$ cat final_22.cif   # mmCIF, C-alpha atoms
data_query
#
loop_
_atom_site.label_atom_id
_atom_site.label_comp_id
_atom_site.auth_asym_id
_atom_site.auth_seq_id
_atom_site.Cartn_x
_atom_site.Cartn_y
_atom_site.Cartn_z
CA MET X 1 -31.30 -30.53 45.62
CA VAL X 2 -31.83 -30.30 41.88
CA GLY X 3 -32.67 -33.72 40.47
CA VAL X 4 -30.19 -35.85 38.52
CA ARG X 5 -32.15 -37.96 36.07
CA ASP X 6 -30.52 -38.35 32.66
CA ARG X 7 -27.35 -40.22 31.75
CA VAL X 8 -24.87 -39.95 28.90
CA THR X 9 -22.21 -42.39 27.70
CA THR X 10 -18.73 -41.04 27.11
CA ASN X 11 -16.50 -42.07 24.25
CA ARG X 12 -14.71 -44.39 26.68
CA GLY X 13 -17.92 -46.21 27.51
CA LEU X 14 -18.35 -44.56 30.91
CA SER X 15 -22.02 -43.98 31.73
CA VAL X 16 -22.43 -40.83 33.80
CA PRO X 17 -25.38 -38.80 35.13
CA VAL X 18 -26.15 -35.28 34.02
CA VAL X 19 -28.15 -32.47 35.59
CA PRO X 20 -31.07 -31.31 33.43
CA ALA X 21 -30.81 -27.54 32.97
CA LYS X 22 -34.59 -27.27 33.19
CA GLY X 23 -34.38 -28.53 36.78
CA LEU X 24 -32.86 -25.17 37.68
CA GLU X 25 -35.99 -23.45 36.41
CA ARG X 26 -38.49 -25.26 38.63
CA PRO X 27 -41.29 -23.01 39.91
CA ASP X 28 -40.40 -23.65 43.54
CA LEU X 29 -36.83 -22.51 42.95
CA VAL X 30 -37.99 -19.39 41.15
CA ASP X 31 -40.36 -18.62 44.04
CA ALA X 32 -37.60 -19.20 46.57
CA GLU X 33 -35.27 -16.71 44.91
CA LYS X 34 -36.93 -13.63 46.43
CA ILE X 35 -36.92 -15.16 49.89
CA VAL X 36 -33.28 -16.29 49.77
CA LYS X 37 -32.14 -12.94 48.39
CA LYS X 38 -34.06 -11.11 51.11
CA TRP X 39 -32.51 -13.27 53.84
CA SER X 40 -29.00 -12.97 52.47
CA GLY X 41 -29.45 -9.23 52.13
CA GLU X 42 -30.23 -9.12 55.84
CA GLY X 43 -26.98 -10.94 56.62
CA THR X 44 -28.37 -14.44 57.09
CA LEU X 45 -25.77 -17.15 56.57
CA THR X 46 -26.98 -19.24 53.63
CA GLY X 47 -25.66 -22.69 52.79
CA ALA X 48 -25.97 -25.14 49.92
CA ALA X 49 -24.50 -28.51 49.02
CA CYS X 50 -24.00 -30.38 45.74
CA THR X 51 -26.49 -29.22 43.08
CA GLY X 52 -27.92 -26.74 45.57
CA THR X 53 -24.87 -24.58 44.85
CA PHE X 54 -26.24 -24.11 41.33
CA VAL X 55 -29.33 -22.54 42.83
CA LEU X 56 -27.36 -19.93 44.76
CA ALA X 57 -25.12 -19.23 41.77
CA GLY X 58 -28.18 -18.91 39.54
CA MET X 59 -29.47 -16.20 41.86
CA SER X 60 -26.16 -14.33 41.38
CA LEU X 61 -25.54 -14.61 45.10
CA LEU X 62 -22.11 -16.19 44.65
CA ASP X 63 -20.82 -13.66 42.13
CA GLY X 64 -17.23 -12.69 42.81
CA ILE X 65 -16.71 -15.06 45.74
CA SER X 66 -15.19 -18.51 46.14
CA ALA X 67 -17.51 -21.51 46.14
CA THR X 68 -17.40 -25.25 45.66
CA THR X 69 -19.74 -27.84 44.19
CA ASN X 70 -19.65 -31.56 43.45
CA TRP X 71 -16.40 -32.28 41.59
CA TRP X 72 -18.10 -33.95 38.62
CA LEU X 73 -20.44 -30.98 38.17
CA ALA X 74 -17.61 -28.45 38.29
CA PRO X 75 -17.14 -28.08 34.49
CA LEU X 76 -20.85 -27.33 34.05
CA PHE X 77 -20.84 -25.00 37.05
CA ARG X 78 -17.81 -23.13 35.71
CA GLU X 79 -19.40 -22.80 32.28
CA ARG X 80 -22.79 -21.58 33.57
CA TYR X 81 -21.45 -19.21 36.22
CA PRO X 82 -18.13 -17.68 35.08
CA GLN X 83 -18.61 -14.86 37.57
CA VAL X 84 -18.15 -17.27 40.50
CA LYS X 85 -14.68 -18.29 41.70
CA PRO X 86 -14.91 -22.11 41.82
CA GLU X 87 -12.59 -24.14 44.04
CA ASP X 88 -14.13 -27.51 43.30
CA SER X 89 -11.40 -29.61 44.92
CA ARG X 90 -12.46 -28.31 48.35
CA MET X 91 -15.24 -29.95 50.32
CA VAL X 92 -16.57 -26.87 52.13
CA ILE X 93 -15.97 -23.16 51.56
CA GLY X 94 -17.25 -20.40 53.79
CA SER X 95 -17.26 -16.98 52.12
CA SER X 96 -18.96 -13.80 53.37
CA ASN X 97 -22.58 -14.76 54.11
CA PHE X 98 -22.50 -18.05 52.22
CA VAL X 99 -21.16 -21.53 52.73
CA THR X 100 -21.06 -24.12 49.95
CA ALA X 101 -20.28 -27.82 50.12
CA GLY X 102 -19.33 -30.32 47.45
CA SER X 103 -20.82 -33.77 47.18
CA ALA X 104 -24.35 -35.08 47.67
CA LEU X 105 -23.41 -36.21 51.18
CA ALA X 106 -21.45 -33.06 51.95
CA HIS X 107 -24.40 -31.68 53.89
CA VAL X 108 -22.81 -33.54 56.81
CA ASP X 109 -19.52 -31.69 56.23
CA LEU X 110 -21.48 -28.44 55.93
CA ALA X 111 -23.30 -29.11 59.21
CA LEU X 112 -20.04 -29.90 60.98
CA TRP X 113 -18.54 -26.70 59.55
CA LEU X 114 -21.39 -24.74 61.11
CA VAL X 115 -20.93 -26.48 64.48
CA ARG X 116 -17.18 -25.87 64.30
CA LYS X 117 -17.76 -22.11 64.04
CA SER X 118 -19.25 -22.17 67.53
CA SER X 119 -17.30 -25.02 69.08
CA PRO X 120 -14.42 -26.92 67.43
CA THR X 121 -14.50 -29.42 70.28
CA LEU X 122 -18.20 -30.13 69.82
CA ALA X 123 -17.64 -30.57 66.07
CA ILE X 124 -14.97 -33.21 66.74
CA VAL X 125 -17.19 -35.11 69.17
CA THR X 126 -20.17 -34.90 66.79
CA ALA X 127 -18.06 -36.26 63.94
CA GLN X 128 -17.03 -39.18 66.13
CA PHE X 129 -20.64 -40.05 66.90
CA LEU X 130 -21.47 -39.81 63.20
CA VAL X 131 -18.39 -41.89 62.30
CA SER X 132 -17.46 -39.11 59.89
CA ASP X 133 -13.82 -38.64 58.94
CA PRO X 134 -12.44 -35.17 58.15
CA ARG X 135 -12.72 -34.48 54.41
CA SER X 136 -11.25 -31.12 53.53
CA SER X 137 -10.76 -32.03 49.88
CA GLN X 138 -12.64 -33.86 47.13
CA SER X 139 -9.41 -34.63 45.25
CA ALA X 140 -9.22 -38.22 46.45
CA TYR X 141 -12.65 -38.94 45.00
CA MET X 142 -12.24 -37.28 41.61
CA ILE X 143 -12.27 -39.31 38.40
CA PRO X 144 -10.22 -37.33 35.84
CA GLU X 145 -11.60 -39.53 33.04
CA TYR X 146 -15.07 -38.23 33.74
CA LEU X 147 -13.99 -34.61 33.87
CA ALA X 148 -12.09 -34.90 30.60
CA HIS X 149 -14.65 -36.93 28.67
CA SER X 150 -16.39 -33.97 27.09
CA ASP X 151 -13.27 -32.56 25.44
CA PRO X 152 -11.10 -34.64 23.06
CA VAL X 153 -8.18 -32.22 23.43
CA ILE X 154 -8.08 -32.81 27.19
CA GLU X 155 -8.41 -36.55 26.66
CA ARG X 156 -5.36 -36.53 24.40
CA PHE X 157 -3.46 -34.41 26.91
CA GLU X 158 -4.37 -36.81 29.70
CA LYS X 159 -3.14 -39.78 27.64
CA TRP X 160 0.15 -38.00 26.94
CA ALA X 161 0.56 -37.10 30.60
CA GLY X 162 -0.01 -40.71 31.70
CA GLN X 163 2.72 -41.89 29.34
CA ASN X 164 5.22 -39.23 30.40
CA LEU X 165 4.93 -38.94 34.17
CA SER X 166 8.55 -39.92 34.74
CA GLU X 167 9.89 -37.61 32.01
CA GLY X 168 8.65 -34.32 33.35
CA PHE X 169 6.31 -31.70 31.95
CA SER X 170 6.70 -29.95 28.60
CA LEU X 171 3.91 -27.67 27.43
CA ARG X 172 5.23 -27.77 23.87
CA LYS X 173 5.21 -31.57 23.72
CA ALA X 174 1.87 -31.78 25.52
CA ALA X 175 0.19 -29.42 23.07
CA ALA X 176 1.70 -31.22 20.07
CA SER X 177 0.46 -34.57 21.38
CA ALA X 178 -3.00 -33.10 21.97
CA GLY X 179 -3.04 -31.78 18.41
CA THR X 180 -3.44 -28.13 19.32
CA SER X 181 -1.52 -25.00 20.24
CA GLU X 182 -0.11 -24.30 23.68
CA ARG X 183 -2.53 -21.42 24.11
CA THR X 184 -5.59 -23.46 23.12
CA LEU X 185 -4.59 -26.33 25.41
CA ALA X 186 -4.24 -23.94 28.35
CA ARG X 187 -7.58 -22.32 27.57
CA ARG X 188 -9.40 -25.66 27.28
CA LEU X 189 -8.02 -26.93 30.58
CA HIS X 190 -8.94 -23.72 32.35
CA THR X 191 -12.47 -23.75 30.93
CA ILE X 192 -13.23 -27.42 31.62
CA LEU X 193 -11.16 -28.17 34.72
CA GLY X 194 -10.15 -24.76 36.05
CA LYS X 195 -6.49 -25.81 35.97
CA THR X 196 -3.30 -25.02 34.09
CA PRO X 197 -1.65 -27.78 32.02
CA LEU X 198 1.15 -28.05 34.58
CA SER X 199 -1.16 -28.24 37.60
CA TYR X 200 -3.27 -30.94 35.93
CA PHE X 201 -0.13 -32.87 34.99
CA GLN X 202 0.99 -32.72 38.62
CA GLU X 203 -2.46 -33.82 39.76
CA ILE X 204 -2.33 -36.86 37.48
CA ARG X 205 1.09 -37.67 38.91
CA VAL X 206 -0.18 -37.61 42.49
CA GLU X 207 -3.31 -39.55 41.60
CA TYR X 208 -1.32 -42.34 39.93
CA ALA X 209 1.18 -42.41 42.80
CA THR X 210 -1.68 -42.74 45.29
CA TYR X 211 -3.12 -45.59 43.23
CA LEU X 212 0.24 -47.41 43.24
CA LEU X 213 0.59 -46.95 47.00
CA ARG X 214 -2.77 -48.64 47.48
CA THR X 215 -2.39 -51.45 44.97
CA SER X 216 1.31 -52.33 44.79
CA LYS X 217 4.04 -53.39 47.19
CA LYS X 218 6.50 -50.81 45.95
CA SER X 219 8.08 -48.41 48.40
CA VAL X 220 7.30 -44.70 48.42
CA ASP X 221 10.74 -43.98 46.96
CA GLN X 222 10.22 -46.45 44.12
CA ILE X 223 6.83 -45.00 43.29
CA ALA X 224 8.19 -41.45 43.49
CA SER X 225 10.83 -42.33 40.94
CA GLN X 226 8.26 -44.00 38.69
CA VAL X 227 6.06 -40.91 38.52
CA GLY X 228 8.90 -38.42 38.17
CA TYR X 229 9.73 -37.17 41.65
CA ALA X 230 13.31 -36.96 42.86
CA ASN X 231 12.58 -38.71 46.14
CA GLY X 232 9.87 -40.11 48.36
CA LYS X 233 10.00 -37.12 50.69
CA THR X 234 8.44 -34.89 48.05
CA LEU X 235 5.72 -37.45 47.31
CA ARG X 236 4.92 -37.93 50.99
CA ARG X 237 4.43 -34.18 51.38
CA LEU X 238 2.08 -34.04 48.38
CA ILE X 239 -0.16 -36.91 49.49
CA SER X 240 -0.23 -36.12 53.21
#

$ encode --input "final_22.cif" --output "structure tokens"
Amino acid sequence: MVGVRDRVTTNRGLSVPVVPAKGLERPDLVDAEKIVKKWSGEGTLTGAACTGTFVLAGMSLLDGISATTNWWLAPLFRERYPQVKPEDSRMVIGSSNFVTAGSALAHVDLALWLVRKSSPTLAIVTAQFLVSDPRSSQSAYMIPEYLAHSDPVIERFEKWAGQNLSEGFSLRKAAASAGTSERTLARRLHTILGKTPLSYFQEIRVEYATYLLRTSKKSVDQIASQVGYANGKTLRRLIS
């Protein structure tokens, strides 16, 4: 794993870690490149988790295929490796001769994925012994504030979205509130988060609804109405 040493403070006062770019240029990683490329060229299944996915992407081994990484590193990953198809909300992705996993502890999910390929039953039993719950998605762990902190346009969009969940989505109003054009807003969101304005708006809706379900005594129908859904049935389907 590439080391995480430095920290930055966002304009909301959130202190977050960053990955030093020079960590990806360590001599041992450079030396390993020939070996990993040779193995992968011979058809060896190669896996990486968290910042290790940066190593594979830096070797151009993930070009043109789907991969995941830790959700909070996704904007940097997307910026550094535009040739990769990131699906950072997923915990584990198997693609051709590679398998990538998200978080720092996702090596467990990666290991269970490998076991599952040979025996789904054994994978279930192993997970029970490890007291490891199924985690197909990182969405429940994401902090949108962190992802948006580096771009003021996205921050303004997020603020507008939070104030208009019950009103429904309007790209024109969202862009105006963010102080930019519709095209620029869409481009910024795609570059930083890999999402469209509408999909991010819907994600904020679900996230806030999930928060209310955990912290309030309101019914699912009441919460659905509060965040702009016609009924609780739709909300239940989205959070299941």

$ resolve_selection --input "final_22.cif" --expression "the PyMOL selection byres ((chain X and resi 80) around 12)" --output "list of chain:residue names"
X:Ala21, X:Leu24, X:Thr53, X:Phe54, X:Val55, X:Ala57, X:Gly58, X:Met59, X:Ser60, X:Asp63, X:Leu73, X:Ala74, X:Pro75, X:Leu76, X:Phe77, X:Arg78, X:Glu79, X:Tyr81, X:Pro82, X:Gln83, X:Val84, X:Lys85, X:Pro86, X:Thr191, X:Ile192

$ closest_residue --input "final_22.cif" --among "X:Tyr211, X:Trp160, X:Phe169, X:Phe98" --to "Ser199 (chain X)" --atoms "all atoms listed in the file"
X:Phe169

$ residues_around --input "final_22.cif" --residues "Ser139 (chain X)" --least-positions-apart "3" --cutoff "8 Å" --atoms "all atoms listed in the file" --output "list of chain:residue names"
X:Ser89, X:Arg90, X:Met142

$ residues_around --input "final_22.cif" --residues "Leu198 (chain X)" --least-positions-apart "3" --cutoff "12 Å" --atoms "only C-alpha atoms" --output "PyMOL selection string"
chain X and resi 157-158+161+165+168-172+174-175+182+185-186+189-190+194-195+201-205

$ resolve_selection --input "final_22.cif" --expression "the PyMOL selection byres ((chain X and resi 95) around 8)" --output "ChimeraX atom specification"
/X:65-67,93-94,96-99

$ residues_near_point --input "final_22.cif" --point "(-18.7, -30.4, 65.1)" --cutoff "12 Å" --atoms "all atoms listed in the file" --output "list in words"
Val108, Asp109, Leu110, Ala111, Leu112, Trp113, Leu114, Val115, Arg116, Lys117, Ser118, Ser119, Pro120, Thr121, Leu122, Ala123, Ile124, Val125, Thr126, Ala127, Gln128, Phe129, Leu130, Val131, Ser132, Asp133 and Pro134 of chain X

$ closest_residue --input "final_22.cif" --among "X:Ile154, X:Leu56, X:Leu193, X:Ile239" --to "Ser137 (chain X)" --atoms "all atoms listed in the file"
X:Ile239

$ closest_residue --input "final_22.cif" --among "X:Gly232, X:Gly64, X:Gly23, X:Gly102" --to "Ala48 (chain X)" --atoms "all atoms listed in the file"
X:Gly102

$ atom_distance --input "final_22.cif" --atom1 "CA of Leu238 (chain X)" --atom2 "CA of Thr68 (chain X)"
21.5 Å
